[in-house]
Amino acid sequence: MQRLRILVPLLLLGLVAVVATDVQAQAAKPATRPATAKPAAAKPKPQPKKMNVGEVLTWKTPLAQVKPVGKPVDLAKREGRPLALLFWSTGATVAREELQALDAFVKKKKLARDMDVYAIGGFNPERQDAADLADMATILGVDTIPILVDPEFKLAKKIGATQFPDIVLFDKDGKLIVKGLRGLDHGRLRGSAGNCETLLKHVALNGTAEPVKRTSRFYPAERLKGRKIPDFELPYYHPDGYGKGKSAKLSDLMTGQRPAAIFIFSSTCKH
């Protein structure tokens, strides 16, 4: 009996020690914060519906004209004249070259008598401003086609011009005839035109043309077919960096006795 009396206090002391240890362990654990709800993902801005061939242009915002400086242009007011638009950007070499080509073509053929022709430059207001477009047009020697500005590419997105250059054509009633033409020599067009150049002249003369719902693929390199490749000079690779080593002209590498293949690649392109 005396032994049992001794064991009971010992068991009680052990139980108290276990409880105390567990309380200390719980206190040592870092406090868990209540789970917070994750912020809802921002909804993407709705993209404007792209125009289809045959639809009438509806655009309520006049575009500023920066070269020559003039009043804003309301493209929706057709006044019975067809409309040609060249979408371009200052950073695209092909687009700049096509702007020069179209400007010379409009001047030579006097297209401005029978239709409105504008070059529309899109830009990101955080990186550029309208003056950059006017300056580039001046550098390129453009003096016939008025230059309009399209902040944030809103009109280009509305029409569906996402790759520059892009020539878009509307008839006298404002209906979209064709879009996605990459240059005056963009050919194999269905309907009343063989290529972009002949289509422009046809619309200027008649005010309209058969809609071109689908255009063929076009690459500027096709202009080189059947012609001698232009000469160019590029530096060899050098471990100290670009341009540190010797350079070579293509004409120096070609013997004239053997065909040559040129492989163009980018070190940052996976495929």
# chains A, B, ... in the order shown; residues from 1 in each chain; ligands from 1
>>> select_by_dssp(residues="segment 50-264 of chain A", states="strand (DSSP E)", output="ChimeraX atom specification")
/A:63-67,69-73,83-88,116-123,147-151,166-170,176-181,233-235,247-249
>>> residues_around(residues="segment 66-80 of chain A", least_positions_apart="3", cutoff="10 Å", atoms="only C-alpha atoms", output="number ranges by chain")
A: 56-63, 83, 114-116, 118-119, 130-135, 137-138, 142-149, 170-174, 207
>>> write_last_selection(atoms="C-alpha atoms", output="PDB file, in the first residue's frame")
ATOM      1  CA  VAL A  56     -17.773  49.560 -94.042  1.00  0.00           C
ATOM      2  CA  LEU A  57     -15.108  51.456 -92.126  1.00  0.00           C
ATOM      3  CA  THR A  58     -16.478  52.982 -88.916  1.00  0.00           C
ATOM      4  CA  TRP A  59     -13.896  55.028 -87.035  1.00  0.00           C
ATOM      5  CA  LYS A  60     -15.006  57.948 -84.881  1.00  0.00           C
ATOM      6  CA  THR A  61     -11.607  59.275 -83.775  1.00  0.00           C
ATOM      7  CA  PRO A  62      -9.888  61.636 -86.236  1.00  0.00           C
ATOM      8  CA  LEU A  63      -6.170  60.938 -86.671  1.00  0.00           C
ATOM      9  CA  LEU A  83      -9.197  55.253 -99.636  1.00  0.00           C
ATOM     10  CA  ASP A 114      -8.972  60.313-107.617  1.00  0.00           C
ATOM     11  CA  MET A 115      -8.438  58.726-104.199  1.00  0.00           C
ATOM     12  CA  ASP A 116      -7.199  59.508-100.692  1.00  0.00           C
ATOM     13  CA  TYR A 118      -2.419  58.094 -96.247  1.00  0.00           C
ATOM     14  CA  ALA A 119       0.509  56.509 -94.446  1.00  0.00           C
ATOM     15  CA  ALA A 130       4.216  61.540 -83.144  1.00  0.00           C
ATOM     16  CA  ALA A 131       7.287  63.655 -83.918  1.00  0.00           C
ATOM     17  CA  ASP A 132       9.348  60.481 -84.481  1.00  0.00           C
ATOM     18  CA  LEU A 133       7.083  59.488 -87.371  1.00  0.00           C
ATOM     19  CA  ALA A 134       7.299  62.933 -88.958  1.00  0.00           C
ATOM     20  CA  ASP A 135      11.085  62.986 -88.592  1.00  0.00           C
ATOM     21  CA  ALA A 137       9.224  60.473 -93.085  1.00  0.00           C
ATOM     22  CA  THR A 138      11.361  63.578 -93.653  1.00  0.00           C
ATOM     23  CA  VAL A 142       8.387  61.314 -98.321  1.00  0.00           C
ATOM     24  CA  ASP A 143       6.653  64.424 -99.673  1.00  0.00           C
ATOM     25  CA  THR A 144       3.407  63.284-101.330  1.00  0.00           C
ATOM     26  CA  ILE A 145       1.569  60.955 -98.944  1.00  0.00           C
ATOM     27  CA  PRO A 146       0.320  62.638 -95.744  1.00  0.00           C
ATOM     28  CA  ILE A 147       1.528  61.005 -92.537  1.00  0.00           C
ATOM     29  CA  LEU A 148      -1.103  60.233 -89.881  1.00  0.00           C
ATOM     30  CA  VAL A 149      -0.463  58.861 -86.405  1.00  0.00           C
ATOM     31  CA  PHE A 170     -11.444  50.809 -99.304  1.00  0.00           C
ATOM     32  CA  ASP A 171     -13.860  51.639-102.127  1.00  0.00           C
ATOM     33  CA  LYS A 172     -15.730  54.944-102.563  1.00  0.00           C
ATOM     34  CA  ASP A 173     -18.465  53.785-100.158  1.00  0.00           C
ATOM     35  CA  GLY A 174     -15.988  52.903 -97.422  1.00  0.00           C
ATOM     36  CA  GLY A 207     -13.989  53.846-107.407  1.00  0.00           C
TER      37      GLY A 207
END
>>> atom_distance(atom1="atom CA of Asn195 of chain A", atom2="atom CA of Leu102 of chain A")
13.6 Å
>>> atom_distance(atom1="atom CA of Phe87 of chain A", atom2="atom CA of Thr215 of chain A")
16.7 Å
>>> closest_atom_pairs(of="segment 68-97 of chain A", to="segment 176-188 of chain A", cutoff="12 Å", atoms="only C-alpha atoms", output="Markdown table")
| residue | atom | partner | partner_atom | distance |
| --- | --- | --- | --- | --- |
| A:Pro82 | CA | A:Leu176 | CA | 9.9 |
| A:Leu83 | CA | A:Leu176 | CA | 9.3 |
| A:Ala84 | CA | A:Val178 | CA | 9.8 |
| A:Leu85 | CA | A:Lys179 | CA | 9.3 |
| A:Leu86 | CA | A:Leu181 | CA | 9.1 |
| A:Phe87 | CA | A:Arg182 | CA | 9.7 |
| A:Trp88 | CA | A:Arg182 | CA | 10.2 |
| A:Val94 | CA | A:Arg182 | CA | 9.0 |
| A:Ala95 | CA | A:Arg182 | CA | 8.4 |
| A:Arg96 | CA | A:Gly183 | CA | 11.0 |
| A:Glu97 | CA | A:Gly183 | CA | 9.4 |
>>> write_last_selection(atoms="N, CA, C and O atoms", output="CSV table (one decimal), in the first residue's frame")
chain,number,residue,atom,x,y,z
A,82,PRO,N,-12.4,56.7,-103.0
A,82,PRO,CA,-11.8,55.5,-102.4
A,82,PRO,C,-10.6,55.9,-101.5
A,82,PRO,O,-10.2,57.0,-101.5
A,83,LEU,N,-10.2,55.0,-100.7
A,83,LEU,CA,-9.2,55.3,-99.6
A,83,LEU,C,-8.2,54.1,-99.6
A,83,LEU,O,-8.5,53.0,-99.6
A,84,ALA,N,-6.9,54.5,-99.6
A,84,ALA,CA,-5.8,53.6,-99.5
A,84,ALA,C,-5.0,54.0,-98.3
A,84,ALA,O,-4.6,55.2,-98.1
A,85,LEU,N,-4.7,53.0,-97.4
A,85,LEU,CA,-3.9,53.2,-96.2
A,85,LEU,C,-2.6,52.3,-96.2
A,85,LEU,O,-2.8,51.1,-96.5
A,86,LEU,N,-1.5,52.9,-95.9
A,86,LEU,CA,-0.3,52.1,-95.7
A,86,LEU,C,0.1,52.2,-94.2
A,86,LEU,O,0.4,53.3,-93.7
A,87,PHE,N,0.0,51.1,-93.5
A,87,PHE,CA,0.4,51.0,-92.1
A,87,PHE,C,1.9,50.7,-92.1
A,87,PHE,O,2.3,49.7,-92.7
A,88,TRP,N,2.6,51.5,-91.3
A,88,TRP,CA,4.1,51.3,-91.3
A,88,TRP,C,4.6,51.7,-89.9
A,88,TRP,O,3.8,52.1,-89.0
A,94,VAL,N,11.6,47.1,-94.0
A,94,VAL,CA,10.8,46.9,-95.2
A,94,VAL,C,9.6,47.9,-95.2
A,94,VAL,O,9.3,48.4,-96.3
A,95,ALA,N,9.1,48.2,-94.1
A,95,ALA,CA,8.0,49.2,-94.1
A,95,ALA,C,8.4,50.6,-94.5
A,95,ALA,O,7.7,51.3,-95.2
A,96,ARG,N,9.6,51.0,-94.1
A,96,ARG,CA,10.1,52.3,-94.5
A,96,ARG,C,10.4,52.3,-96.0
A,96,ARG,O,10.1,53.3,-96.7
A,97,GLU,N,10.9,51.2,-96.5
A,97,GLU,CA,11.2,51.1,-98.0
A,97,GLU,C,9.9,51.2,-98.8
A,97,GLU,O,9.8,51.8,-99.8
>>> select_by_dssp(residues="segment 107-250 of chain A", states="helix (DSSP H, G or I)", output="count of residues only")
40
>>> atom_distance(atom1="atom CA of Leu111 of chain A", atom2="atom CA of Leu205 of chain A")
9.0 Å
>>> residues_around(residues="Lys228 of chain A", least_positions_apart="4", cutoff="12 Å", atoms="only C-alpha atoms", output="ChimeraX atom specification")
/A:223-224,250-251,256
>>> closest_residue(among="A:Lys43, A:Gln65, A:Pro220, A:Lys50", to="Leu155 of chain A", atoms="only C-alpha atoms")
A:Lys50
>>> residues_around(residues="Asp252 of chain A", least_positions_apart="5", cutoff="12 Å", atoms="only C-alpha atoms", output="list in words")
Asp231, Phe232, Glu233, Leu234 and Ser247 of chain A
>>> write_last_selection(atoms="N, CA and C atoms", output="tab-separated table (two decimals), in the first residue's frame")
chain	number	residue	atom	x	y	z
A	231	ASP	N	25.18	42.95	-103.03
A	231	ASP	CA	26.42	42.72	-102.28
A	231	ASP	C	26.28	43.30	-100.88
A	232	PHE	N	26.93	42.68	-99.91
A	232	PHE	CA	26.92	43.20	-98.54
A	232	PHE	C	28.21	42.79	-97.86
A	233	GLU	N	28.53	43.48	-96.80
A	233	GLU	CA	29.74	43.21	-96.03
A	233	GLU	C	29.37	42.99	-94.58
A	234	LEU	N	29.90	41.89	-94.00
A	234	LEU	CA	29.63	41.55	-92.62
A	234	LEU	C	30.92	41.09	-91.94
A	247	SER	N	36.29	41.77	-91.71
A	247	SER	CA	35.03	41.72	-92.43
A	247	SER	C	35.24	41.13	-93.81
>>> decode(residues="segment 49-78 of chain A", atoms="N, CA, C and O atoms", output="JSON list (two decimals), in the first residue's frame")
[["chain", "number", "residue", "atom", "x", "y", "z"],
["A", 49, "LYS", "N", -13.04, 43.75, -82.51],
["A", 49, "LYS", "CA", -13.30, 42.79, -83.57],
["A", 49, "LYS", "C", -12.68, 43.29, -84.87],
["A", 49, "LYS", "O", -12.88, 44.43, -85.28],
["A", 50, "LYS", "N", -11.90, 42.43, -85.52],
["A", 50, "LYS", "CA", -11.23, 42.81, -86.75],
["A", 50, "LYS", "C", -12.23, 42.91, -87.90],
["A", 50, "LYS", "O", -13.17, 42.13, -87.98],
["A", 51, "MET", "N", -11.97, 43.86, -88.77],
["A", 51, "MET", "CA", -12.85, 44.05, -89.91],
["A", 51, "MET", "C", -12.73, 42.90, -90.90],
["A", 51, "MET", "O", -11.63, 42.34, -91.07],
["A", 52, "ASN", "N", -13.81, 42.59, -91.55],
["A", 52, "ASN", "CA", -13.82, 41.62, -92.63],
["A", 52, "ASN", "C", -13.97, 42.34, -93.95],
["A", 52, "ASN", "O", -14.51, 43.46, -94.02],
["A", 53, "VAL", "N", -13.48, 41.73, -94.99],
["A", 53, "VAL", "CA", -13.62, 42.30, -96.33],
["A", 53, "VAL", "C", -15.11, 42.48, -96.64],
["A", 53, "VAL", "O", -15.92, 41.59, -96.39],
["A", 54, "GLY", "N", -15.47, 43.64, -97.14],
["A", 54, "GLY", "CA", -16.86, 43.96, -97.45],
["A", 54, "GLY", "C", -17.52, 44.83, -96.41],
["A", 54, "GLY", "O", -18.56, 45.45, -96.69],
["A", 55, "GLU", "N", -16.95, 44.91, -95.20],
["A", 55, "GLU", "CA", -17.51, 45.77, -94.17],
["A", 55, "GLU", "C", -17.14, 47.24, -94.41],
["A", 55, "GLU", "O", -16.11, 47.55, -95.01],
["A", 56, "VAL", "N", -17.99, 48.12, -93.89],
["A", 56, "VAL", "CA", -17.77, 49.56, -94.04],
["A", 56, "VAL", "C", -16.94, 50.06, -92.87],
["A", 56, "VAL", "O", -17.18, 49.68, -91.71],
["A", 57, "LEU", "N", -15.97, 50.90, -93.16],
["A", 57, "LEU", "CA", -15.11, 51.46, -92.13],
["A", 57, "LEU", "C", -15.90, 52.39, -91.21],
["A", 57, "LEU", "O", -16.53, 53.34, -91.67],
["A", 58, "THR", "N", -15.88, 52.11, -89.92],
["A", 58, "THR", "CA", -16.48, 52.98, -88.92],
["A", 58, "THR", "C", -15.39, 53.34, -87.91],
["A", 58, "THR", "O", -14.96, 52.49, -87.13],
["A", 59, "TRP", "N", -14.97, 54.58, -87.93],
["A", 59, "TRP", "CA", -13.90, 55.03, -87.04],
["A", 59, "TRP", "C", -14.19, 56.46, -86.62],
["A", 59, "TRP", "O", -14.16, 57.38, -87.44],
["A", 60, "LYS", "N", -14.52, 56.66, -85.34],
["A", 60, "LYS", "CA", -15.01, 57.95, -84.88],
["A", 60, "LYS", "C", -13.89, 58.92, -84.49],
["A", 60, "LYS", "O", -14.15, 60.11, -84.35],
["A", 61, "THR", "N", -12.68, 58.42, -84.27],
["A", 61, "THR", "CA", -11.61, 59.28, -83.77],
["A", 61, "THR", "C", -10.76, 59.79, -84.93],
["A", 61, "THR", "O", -10.07, 59.01, -85.59],
["A", 62, "PRO", "N", -10.77, 61.09, -85.20],
["A", 62, "PRO", "CA", -9.89, 61.64, -86.24],
["A", 62, "PRO", "C", -8.42, 61.41, -85.87],
["A", 62, "PRO", "O", -8.04, 61.44, -84.70],
["A", 63, "LEU", "N", -7.60, 61.18, -86.88],
["A", 63, "LEU", "CA", -6.17, 60.94, -86.67],
["A", 63, "LEU", "C", -5.39, 62.21, -86.95],
["A", 63, "LEU", "O", -5.63, 62.90, -87.95],
["A", 64, "ALA", "N", -4.45, 62.51, -86.09],
["A", 64, "ALA", "CA", -3.62, 63.71, -86.26],
["A", 64, "ALA", "C", -2.73, 63.56, -87.49],
["A", 64, "ALA", "O", -2.20, 62.46, -87.75],
["A", 65, "GLN", "N", -2.57, 64.63, -88.23],
["A", 65, "GLN", "CA", -1.68, 64.65, -89.39],
["A", 65, "GLN", "C", -0.43, 65.43, -89.02],
["A", 65, "GLN", "O", -0.50, 66.60, -88.67],
["A", 66, "VAL", "N", 0.73, 64.75, -89.11],
["A", 66, "VAL", "CA", 1.98, 65.37, -88.66],
["A", 66, "VAL", "C", 2.90, 65.78, -89.80],
["A", 66, "VAL", "O", 3.85, 66.53, -89.59],
["A", 67, "LYS", "N", 2.66, 65.26, -91.01],
["A", 67, "LYS", "CA", 3.48, 65.65, -92.15],
["A", 67, "LYS", "C", 2.67, 65.50, -93.44],
["A", 67, "LYS", "O", 2.29, 64.41, -93.79],
["A", 68, "PRO", "N", 2.40, 66.65, -94.11],
["A", 68, "PRO", "CA", 2.62, 68.01, -93.59],
["A", 68, "PRO", "C", 1.66, 68.28, -92.45],
["A", 68, "PRO", "O", 0.58, 67.66, -92.37],
["A", 69, "VAL", "N", 2.02, 69.18, -91.57],
["A", 69, "VAL", "CA", 1.16, 69.48, -90.42],
["A", 69, "VAL", "C", -0.18, 70.01, -90.91],
["A", 69, "VAL", "O", -0.23, 70.92, -91.75],
["A", 70, "GLY", "N", -1.24, 69.40, -90.47],
["A", 70, "GLY", "CA", -2.57, 69.81, -90.91],
["A", 70, "GLY", "C", -3.62, 69.43, -89.90],
["A", 70, "GLY", "O", -3.32, 68.93, -88.81],
["A", 71, "LYS", "N", -4.87, 69.64, -90.27],
["A", 71, "LYS", "CA", -5.98, 69.32, -89.39],
["A", 71, "LYS", "C", -6.12, 67.80, -89.27],
["A", 71, "LYS", "O", -5.76, 67.06, -90.19],
["A", 72, "PRO", "N", -6.65, 67.33, -88.14],
["A", 72, "PRO", "CA", -6.91, 65.89, -88.00],
["A", 72, "PRO", "C", -7.81, 65.38, -89.12],
["A", 72, "PRO", "O", -8.69, 66.10, -89.62],
["A", 73, "VAL", "N", -7.58, 64.14, -89.52],
["A", 73, "VAL", "CA", -8.29, 63.55, -90.65],
["A", 73, "VAL", "C", -9.33, 62.57, -90.14],
["A", 73, "VAL", "O", -9.02, 61.66, -89.35],
["A", 74, "ASP", "N", -10.57, 62.76, -90.59],
["A", 74, "ASP", "CA", -11.66, 61.85, -90.25],
["A", 74, "ASP", "C", -11.81, 60.86, -91.40],
["A", 74, "ASP", "O", -12.34, 61.17, -92.46],
["A", 75, "LEU", "N", -11.34, 59.64, -91.19],
["A", 75, "LEU", "CA", -11.34, 58.64, -92.25],
["A", 75, "LEU", "C", -12.74, 58.14, -92.59],
["A", 75, "LEU", "O", -12.95, 57.57, -93.67],
["A", 76, "ALA", "N", -13.69, 58.34, -91.68],
["A", 76, "ALA", "CA", -15.05, 57.85, -91.94],
["A", 76, "ALA", "C", -15.79, 58.71, -92.96],
["A", 76, "ALA", "O", -16.77, 58.26, -93.54],
["A", 77, "LYS", "N", -15.35, 59.93, -93.17],
["A", 77, "LYS", "CA", -15.99, 60.81, -94.14],
["A", 77, "LYS", "C", -15.37, 60.59, -95.51],
["A", 77, "LYS", "O", -14.35, 61.19, -95.85],
["A", 78, "ARG", "N", -16.01, 59.75, -96.31],
["A", 78, "ARG", "CA", -15.42, 59.34, -97.57],
["A", 78, "ARG", "C", -15.68, 60.34, -98.70],
["A", 78, "ARG", "O", -14.86, 60.50, -99.59]]
